[in-house]
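**Q** One structure, as structure tokens, below. Some questions next.
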Amino acid sequence: MKLTLAELKDKSKWPNYKFFEFDHDKVLSNTKERPEWIHFGAGNIFRIFPAALCQKLLNNGDMDTGIVVADSYDFEIVDLLFKPHDNLTLGVTLKSDGTIQKEIIGSVVEAVKVSPEEKSDWEILEKAFTNKSLKMISFTITEKGYALYDAKGNLLKQYEEDFKNGPKKATMLLCYITRLLLSRFNAGKIPLAVVSMDNCSHNGEKLGQAIFEIAENWKKNGFVGQDFVDYVKDESKVSFPWSMIDKITPRPDSNVAQMLEKDGFEETKLIVTKKNTYCATFVNAEEPQYLVIEDKFPNGRPPLEKAGVYFTDRETVNKVEKMKVCTCLNPLHTALALSGCLLGFKLICDEMKDKDLNKMTNTLAYKEGLPVVVDPKILNPKDFIEEVINKRLPNPFMPDTPQRIATDTSQKLSIRFGETVKAYKATGKNLKDLKVIPLVYAMWLRYLMAMDDDLNPMELSPDPLLETAKPFVAKVKIGSKKGDFENDIKPLLANEKIFGFDLTKSELYDAVLTNFEKMLAGKGAVRKAICEAIA
């Protein structure tokens, strides 16, 4: 069993596999003639979520064109995954009852590299962007993909060069997108929805502001006119809808690979690209999934509501995003990530079997977050939390790791915990009632020491502020008391960009210091501090 269109002709080879039900050749032809959807970012979540949504619409006859996927970050994904396998993906859904669903996803009809040097690929993009049929472009490029500035607020050198050199010599993805939008403008100011599906706050606003800044700098340097700047800023022409996406999609897992091998599936090798992307011909993910999008599509849109997508207004999208990111999922993930790394866990599901960590998670969700949760109405926060705690996090078949979730923690603390702290202050609630949130802040400090609870060296997950933050705990020793480390760590805790507020001026400050001191008592001190916090 190999993942190619030719191999799929003999369906008897594929027991218990779900196939696409549309005419692949016809969809390919339609898409080349009148493309409707281009997606930027060919990673795992795209392959098993947006691509599967499109497949559902194709299967039901609600669409007759597929997706053109474009990647700018890691061309190896196109060369090693899409091209040799006719753009097919094997989606493996890991259900909490132990059953798995295997679906061959064929909605991606072309995979291209985003670079003018790849002439045939660039022509596909240019042709699509000048076609009135194109309704939306979407993105899963991670939050870092929208950044024009570094952590210190300096314009990235690559963007500085792109601003000076103009559209035809651009090198960065968002400059390529702006160049393609310029082609669409020149073709008659054709409308388009530019949709971020990345898991970050106010994603549409981030994407839009970046595009605006690129266009304004090109105008300033004489490459485009004010009319193009007006075009990208006119929401009746180019919209940047906000969205909230939620589907836990870990790296391809060896246990899943073994299950597929038992079926006779031959192509299960884990691929790690030169850019450290973990991928395979299959993608494994959990069953629950949510996608909520602001309904602002000036050139029409695919009927994705028929595939389970929620379309609503911006305010509701913002509320759903706050519900998930500030209360119902992401804070729980970060608490489990830090505690899991420190306590030597390799799987999130195993942490949920641990009575202390399970109680910590429940306390954070129900006692600390739920009282100030933002209720979007279209989803019930309490039901969402119950699904997360009782089904999603404990799913023993989900190979998600605390080490993966600990990535970029410095970028997450302000939203995942800072917003709850602000809500407590705004509603007059007693901050001293918060026990787990100051515990998490202290765990991050302890984590930065790169030493687990058994006092063994521990590898830290990637984080853009790692080298900035680690020096603040460099002098801290096991056995240190508050007076020994307070002056060293105080500037870090005062960083409002990291925490969302100045922790040193907060009622939580002493609790953070106390928890950190407890975690320095010796071997097993982190575990003991967690137990005391949730007692």
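Ligands are numbered from 1 in the order shown, chains are lettered A, B, ... in the order of the structure tokens, and residues start at 1 in each chain.
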Counting only C-alpha atoms, what is within 12 Å of Ser183 in chain A, bar same-chain residues fewer than 2 positions away, as a list of chain:residue names?
**A** A:Glu123, A:Leu125, A:Glu126, A:Lys127, A:Ala128, A:Phe129, A:Thr130, A:Asn131, A:Lys132, A:Pro167, A:Lys168, A:Tyr176, A:Ile177, A:Thr178, A:Arg179, A:Leu180, A:Leu181, A:Phe185, A:Asn186, A:Ala187, A:Gly188, A:Lys189, A:Ile190, A:Pro191, A:Val224, A:Phe228, A:Tyr231, A:Val232
**Q** Residues of range 275-348 of chain A classed as helix (DSSP H, G or I) by DSSP on the backbone are to be reported as a PyMOL selection string.
**A** chain A and resi 304-307+314-328+330-343+348
**Q** Determine, using only C-alpha atoms, which residues of range 210-265 of chain A have any atom at most 7 Å from an atom of range 313-331 of chain A, and tabulate each with its shortest atom pair and distance in Å to one decimal place, rows ordered by chain and then rising number, as a Markdown table.
**A**
```
| residue | atom | partner | partner_atom | distance |
| --- | --- | --- | --- | --- |
| A:Trp242 | CA | A:Arg314 | CA | 6.4 |
| A:Ser243 | CA | A:Val317 | CA | 6.0 |
| A:Met244 | CA | A:Glu321 | CA | 5.4 |
```
**Q** Mind dumping the selected residues with N, CA and C atoms as a CSV table (one decimal), in the first residue's frame?
**A**
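Output file again19.csv is given in full below:
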```csv
chain,number,residue,atom,x,y,z
A,242,TRP,N,-11.1,37.7,11.2
A,242,TRP,CA,-10.5,37.1,12.4
A,242,TRP,C,-11.0,35.7,12.5
A,243,SER,N,-10.3,34.8,13.1
A,243,SER,CA,-10.7,33.4,13.3
A,243,SER,C,-10.2,32.8,14.6
A,244,MET,N,-10.8,31.7,15.0
A,244,MET,CA,-10.3,30.9,16.1
A,244,MET,C,-10.2,29.4,15.6
```
**Q** Quick one: distance from CA of Gly166 in chain A to CA of Trp218 in chain A in Å, one decimal?
**A**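 Between CA of Gly166 in chain A and CA of Trp218 in chain A the gap works out to 6.0 Å.
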**Q** Using only C-alpha atoms, pick whichever of A:Leu343, A:Thr409, A:Lys432, A:Lys505 has the shortest atom-to-atom distance to Met519 in chain A.
**A**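 Smallest separation from Met519 in chain A among the options: A:Leu343.
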**Q** Using only C-alpha atoms, find the one residue out of A:Glu161, A:Glu287, A:Asp484, A:Asp454 that sits nearest to Val92 in chain A.
**A** A:Glu287
**Q** Which is closest to Met136 in chain A among A:Lys56, A:Lys296, A:Lys119, A:Lys220, if we use only C-alpha atoms?
**A**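 Residue with the minimum atom-to-atom distance to Met136 in chain A: A:Lys296.
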**Q** Do you know which residues are at most 10 Å from Ala533 in chain A counting only C-alpha atoms, after dropping those on the same chain fewer than 3 positions away, and could you put them as a list in words?
**A**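 These residues fall inside the cut-off: Met360, Leu434, Lys435, Val436, Ile437, Pro438, Leu439, Ala511, Asn515, Lys528, Ala529 and Ile530 of chain A.
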**Q** Atoms to include: all heavy atoms. Write the selected residues as a compact mmCIF listing (two decimals), in the first residue's frame.
**A**
```txt
# COMPACT_ATOMS: atom_id res chain seq x y z
N MET A 360 -4.57 20.00 39.72
CA MET A 360 -4.06 21.32 39.34
C MET A 360 -4.80 21.84 38.11
O MET A 360 -5.21 23.01 38.05
CB MET A 360 -2.55 21.23 39.04
CG MET A 360 -1.94 22.52 38.53
SD MET A 360 -0.23 22.29 37.91
CE MET A 360 -0.56 21.46 36.34
N LEU A 434 -6.19 33.20 43.70
CA LEU A 434 -5.51 32.47 42.64
C LEU A 434 -4.33 31.70 43.22
O LEU A 434 -3.41 32.30 43.78
CB LEU A 434 -5.04 33.43 41.55
CG LEU A 434 -6.14 34.19 40.79
CD1 LEU A 434 -5.53 35.21 39.85
CD2 LEU A 434 -7.04 33.24 40.03
N LYS A 435 -4.35 30.41 43.07
CA LYS A 435 -3.27 29.56 43.59
C LYS A 435 -2.43 28.95 42.46
O LYS A 435 -1.22 28.84 42.56
CB LYS A 435 -3.85 28.43 44.47
CG LYS A 435 -4.74 28.90 45.60
CD LYS A 435 -3.99 29.79 46.58
CE LYS A 435 -4.92 30.25 47.71
NZ LYS A 435 -4.26 31.24 48.58
N VAL A 436 -3.10 28.53 41.39
CA VAL A 436 -2.38 27.83 40.31
C VAL A 436 -1.65 28.82 39.40
O VAL A 436 -0.54 28.54 38.96
CB VAL A 436 -3.34 26.94 39.49
CG1 VAL A 436 -2.60 26.29 38.31
CG2 VAL A 436 -3.92 25.84 40.39
N ILE A 437 -2.24 29.97 39.13
CA ILE A 437 -1.60 30.92 38.21
C ILE A 437 -0.23 31.37 38.74
O ILE A 437 0.77 31.30 38.00
CB ILE A 437 -2.53 32.09 37.88
CG1 ILE A 437 -3.66 31.58 36.96
CG2 ILE A 437 -1.77 33.23 37.19
CD1 ILE A 437 -4.69 32.62 36.57
N PRO A 438 -0.10 31.81 40.02
CA PRO A 438 1.25 32.13 40.51
C PRO A 438 2.17 30.92 40.54
O PRO A 438 3.39 31.04 40.37
CB PRO A 438 1.01 32.70 41.91
CG PRO A 438 -0.37 32.30 42.29
CD PRO A 438 -1.13 32.16 41.01
N LEU A 439 1.59 29.74 40.74
CA LEU A 439 2.37 28.50 40.69
C LEU A 439 2.97 28.31 39.29
O LEU A 439 4.14 27.93 39.15
CB LEU A 439 1.47 27.30 41.04
CG LEU A 439 2.11 25.91 40.94
CD1 LEU A 439 3.00 25.65 42.14
CD2 LEU A 439 1.04 24.83 40.82
N ALA A 511 3.40 35.51 46.12
CA ALA A 511 3.05 34.10 45.91
C ALA A 511 3.99 33.45 44.89
O ALA A 511 4.38 32.28 45.03
CB ALA A 511 1.61 33.97 45.45
N ASN A 515 6.43 30.39 45.85
CA ASN A 515 6.38 29.12 45.11
C ASN A 515 7.74 28.79 44.51
O ASN A 515 8.16 27.63 44.54
CB ASN A 515 5.33 29.19 44.00
CG ASN A 515 3.92 28.87 44.49
OD1 ASN A 515 3.66 27.76 44.94
ND2 ASN A 515 3.04 29.84 44.41
N LYS A 528 6.26 18.86 45.39
CA LYS A 528 5.74 19.26 46.70
C LYS A 528 5.07 20.63 46.62
O LYS A 528 4.00 20.84 47.21
CB LYS A 528 6.89 19.30 47.72
CG LYS A 528 6.41 19.49 49.16
CD LYS A 528 7.57 19.41 50.14
CE LYS A 528 7.06 19.62 51.57
NZ LYS A 528 8.17 19.64 52.55
N ALA A 529 5.66 21.55 45.86
CA ALA A 529 5.07 22.89 45.72
C ALA A 529 3.71 22.82 45.03
O ALA A 529 2.78 23.55 45.39
CB ALA A 529 6.01 23.80 44.95
N ILE A 530 3.60 21.95 44.03
CA ILE A 530 2.31 21.77 43.33
C ILE A 530 1.26 21.25 44.31
O ILE A 530 0.14 21.76 44.37
CB ILE A 530 2.47 20.81 42.14
CG1 ILE A 530 3.34 21.45 41.05
CG2 ILE A 530 1.11 20.41 41.57
CD1 ILE A 530 3.74 20.51 39.93
```
**Q** For Pro302 in chain A, which of A:Lys233, A:Lys135, A:Lys425, A:Arg416 is the closest residue, counting only C-alpha atoms?
**A**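 Ranking A:Lys233, A:Lys135, A:Lys425, A:Arg416 by distance to Pro302 in chain A, first place goes to A:Lys135.
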**Q** Enter the distance from CA of Tyr447 in chain A to CA of Lys359 in chain A, in Å, rounded to one decimal.
**A**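 About the pair CA of Tyr447 in chain A and CA of Lys359 in chain A: they are 20.5 Å apart.
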**Q** What lies within 12 Å of Leu174 in chain A using only C-alpha atoms, ignoring chain neighbours under 3 positions off, as a compact mmCIF listing (two decimals) with C-alpha atoms, in the first residue's frame?
**A**
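Okay, part_7.txt is ready:
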```
# COMPACT_ATOMS: atom_id res chain seq x y z
CA PHE A 40 -0.33 29.18 2.61
CA SER A 72 7.28 29.36 1.69
CA TYR A 73 9.07 28.17 4.81
CA VAL A 114 6.21 30.40 -2.86
CA SER A 115 9.17 31.88 -4.68
CA PHE A 139 -2.85 30.76 6.33
CA ILE A 141 2.14 29.81 9.15
CA LYS A 144 5.89 34.16 14.12
CA GLY A 145 5.09 34.25 10.40
CA TYR A 146 3.28 37.58 10.84
CA ALA A 147 6.11 39.35 12.66
CA LEU A 148 7.86 42.23 10.91
CA GLN A 158 14.86 40.99 5.63
CA TYR A 159 11.83 43.28 5.71
CA ASP A 162 12.25 44.16 1.01
CA PHE A 163 10.89 47.65 1.74
CA PRO A 167 7.78 43.95 -4.92
CA ALA A 170 10.86 40.69 -2.31
CA THR A 171 12.08 37.70 -0.28
CA ILE A 177 1.49 38.02 -0.59
CA THR A 178 1.44 41.80 -0.97
CA ARG A 179 3.03 41.45 -4.41
CA LEU A 180 0.33 38.95 -5.39
CA LEU A 181 -2.34 41.32 -4.07
CA VAL A 194 -7.28 37.02 3.35
CA LYS A 206 -2.00 40.93 12.82
CA LEU A 207 -2.01 39.79 9.20
CA GLY A 208 -3.77 42.91 7.96
CA GLN A 209 -1.49 45.32 9.81
CA ALA A 210 1.58 43.58 8.37
CA ILE A 211 0.24 43.82 4.81
CA PHE A 212 -0.69 47.49 5.33
CA GLU A 213 2.81 48.32 6.56
CA ILE A 214 4.43 46.60 3.58
CA ALA A 215 2.16 48.44 1.13
```
**Q** Using only C-alpha atoms, which residues sit within 9 Å of Ile248 in chain A once same-chain residues fewer than 5 positions away are excluded, as a list in words?
**A** Ile45, Ala285, Glu286, Glu287, Pro288, Gln289, Arg392, Met398 and Asp400 of chain A
**Q** Kindly export the residues of the current selection with N, CA, C and O atoms, as a compact mmCIF listing (two decimals), in the first residue's frame.
**A**
```
# COMPACT_ATOMS: atom_id res chain seq x y z
N ILE A 45 -1.41 20.62 10.55
CA ILE A 45 -2.79 21.01 10.88
C ILE A 45 -3.58 21.33 9.62
O ILE A 45 -4.76 21.00 9.51
N ALA A 285 -4.14 13.19 14.63
CA ALA A 285 -4.73 14.29 15.39
C ALA A 285 -5.93 13.78 16.19
O ALA A 285 -6.44 12.69 15.95
N GLU A 286 -6.38 14.62 17.12
CA GLU A 286 -7.56 14.28 17.90
C GLU A 286 -8.82 14.47 17.05
O GLU A 286 -8.79 15.08 15.97
N GLU A 287 -9.95 13.99 17.58
CA GLU A 287 -11.21 14.12 16.86
C GLU A 287 -11.86 15.50 17.02
O GLU A 287 -12.28 16.09 16.02
N PRO A 288 -11.95 16.08 18.23
CA PRO A 288 -12.60 17.39 18.36
C PRO A 288 -11.87 18.46 17.55
O PRO A 288 -10.64 18.47 17.47
N GLN A 289 -12.65 19.33 16.96
CA GLN A 289 -12.05 20.42 16.18
C GLN A 289 -13.05 21.57 16.10
O GLN A 289 -14.26 21.36 16.06
N ARG A 392 -10.32 15.26 25.89
CA ARG A 392 -9.22 15.64 25.01
C ARG A 392 -7.85 15.44 25.66
O ARG A 392 -6.97 14.78 25.10
N MET A 398 -3.55 9.97 22.05
CA MET A 398 -3.02 11.23 21.51
C MET A 398 -1.57 11.40 21.96
O MET A 398 -1.31 11.63 23.14
N ASP A 400 0.63 13.58 22.32
CA ASP A 400 1.08 14.96 22.46
C ASP A 400 1.98 15.10 23.68
O ASP A 400 1.71 14.51 24.73
```
**Q** As a VMD selection string, please: every residue in range 22-228 of chain A that a backbone DSSP assignment puts in strand (DSSP E or B).
**A** chain A and resid 37 to 40 67 to 71 89 to 94 100 to 105 108 to 113 136 to 139 149 155 192 to 196
**Q** With range 11-20 of chain A as the partner and 7 Å as the cut-off, tabulate the residues of range 83-115 of chain A that qualify, each row holding the nearest pair of atoms and their distance in Å to one decimal, using only C-alpha atoms, sorted by chain and rising number, as CSV.
**A**
```
residue,atom,partner,partner_atom,distance
A:Lys102,CA,A:Tyr17,CA,5.2
A:Glu103,CA,A:Lys18,CA,4.5
A:Ile104,CA,A:Phe19,CA,5.4
A:Ile105,CA,A:Phe20,CA,6.5
A:Gly106,CA,A:Phe20,CA,6.4
```
**Q** For range 256-364 of chain A versus range 26-39 of chain A, which residues have an atom no more than 12 Å away, and what is each residue's nearest atom pair and distance in Å rounded to one decimal, using only C-alpha atoms, chain-then-number order, as JSON lines?
**A**
```
{"residue": "A:Asn299", "atom": "CA", "partner": "A:Glu36", "partner_atom": "CA", "distance": 9.8}
{"residue": "A:Gly300", "atom": "CA", "partner": "A:Glu36", "partner_atom": "CA", "distance": 9.4}
{"residue": "A:Arg301", "atom": "CA", "partner": "A:Glu36", "partner_atom": "CA", "distance": 8.0}
{"residue": "A:Pro302", "atom": "CA", "partner": "A:Glu36", "partner_atom": "CA", "distance": 7.9}
{"residue": "A:Pro303", "atom": "CA", "partner": "A:Glu36", "partner_atom": "CA", "distance": 11.7}
{"residue": "A:Leu304", "atom": "CA", "partner": "A:Trp37", "partner_atom": "CA", "distance": 11.8}
```
**Q** Take the selection from the previous step and output its residues with N, CA, C and O atoms, as a PDB file, in the first residue's frame.
**A**
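The resulting file, out03.pdb, is reproduced below:
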```
ATOM      1  N   ASN A 299     -15.696  38.520  -1.905  1.00  0.00           N
ATOM      2  CA  ASN A 299     -15.845  37.859  -3.208  1.00  0.00           C
ATOM      3  C   ASN A 299     -16.554  36.516  -3.073  1.00  0.00           C
ATOM      4  O   ASN A 299     -16.400  35.632  -3.903  1.00  0.00           O
ATOM      5  N   GLY A 300     -17.350  36.366  -1.984  1.00  0.00           N
ATOM      6  CA  GLY A 300     -18.002  35.085  -1.720  1.00  0.00           C
ATOM      7  C   GLY A 300     -17.048  34.120  -1.044  1.00  0.00           C
ATOM      8  O   GLY A 300     -15.860  34.408  -0.875  1.00  0.00           O
ATOM      9  N   ARG A 301     -17.568  32.964  -0.642  1.00  0.00           N
ATOM     10  CA  ARG A 301     -16.732  31.985   0.055  1.00  0.00           C
ATOM     11  C   ARG A 301     -17.285  30.577  -0.136  1.00  0.00           C
ATOM     12  O   ARG A 301     -18.468  30.397  -0.461  1.00  0.00           O
ATOM     13  N   PRO A 302     -16.447  29.564   0.084  1.00  0.00           N
ATOM     14  CA  PRO A 302     -16.963  28.191   0.098  1.00  0.00           C
ATOM     15  C   PRO A 302     -17.955  28.035   1.256  1.00  0.00           C
ATOM     16  O   PRO A 302     -17.806  28.687   2.289  1.00  0.00           O
ATOM     17  N   PRO A 303     -18.951  27.165   1.099  1.00  0.00           N
ATOM     18  CA  PRO A 303     -19.966  26.995   2.158  1.00  0.00           C
ATOM     19  C   PRO A 303     -19.448  26.123   3.311  1.00  0.00           C
ATOM     20  O   PRO A 303     -19.979  25.048   3.595  1.00  0.00           O
ATOM     21  N   LEU A 304     -18.413  26.600   3.968  1.00  0.00           N
ATOM     22  CA  LEU A 304     -17.739  25.796   4.991  1.00  0.00           C
ATOM     23  C   LEU A 304     -18.608  25.530   6.218  1.00  0.00           C
ATOM     24  O   LEU A 304     -18.313  24.632   7.007  1.00  0.00           O
TER      25      LEU A 304
END
```
**Q** Of the candidates A:Val526, A:Leu173, A:Val309, A:Val292, which one gets nearest to Leu57 in chain A if we count only C-alpha atoms?
**A**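 With only C-alpha atoms as the atom set, the closest residue is A:Val309.
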**Q** Counting only C-alpha atoms, which of A:Leu460, A:Leu393, A:Val476, A:Leu413 gets nearest to Lys95 in chain A?
**A**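 Distance minimum relative to Lys95 in chain A lands on A:Leu393.
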**Q** What is the CA of Thr65 in chain A to CA of His24 in chain A distance in Å?
**A**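 CA of His24 in chain A lies at a distance of 9.6 Å from CA of Thr65 in chain A.
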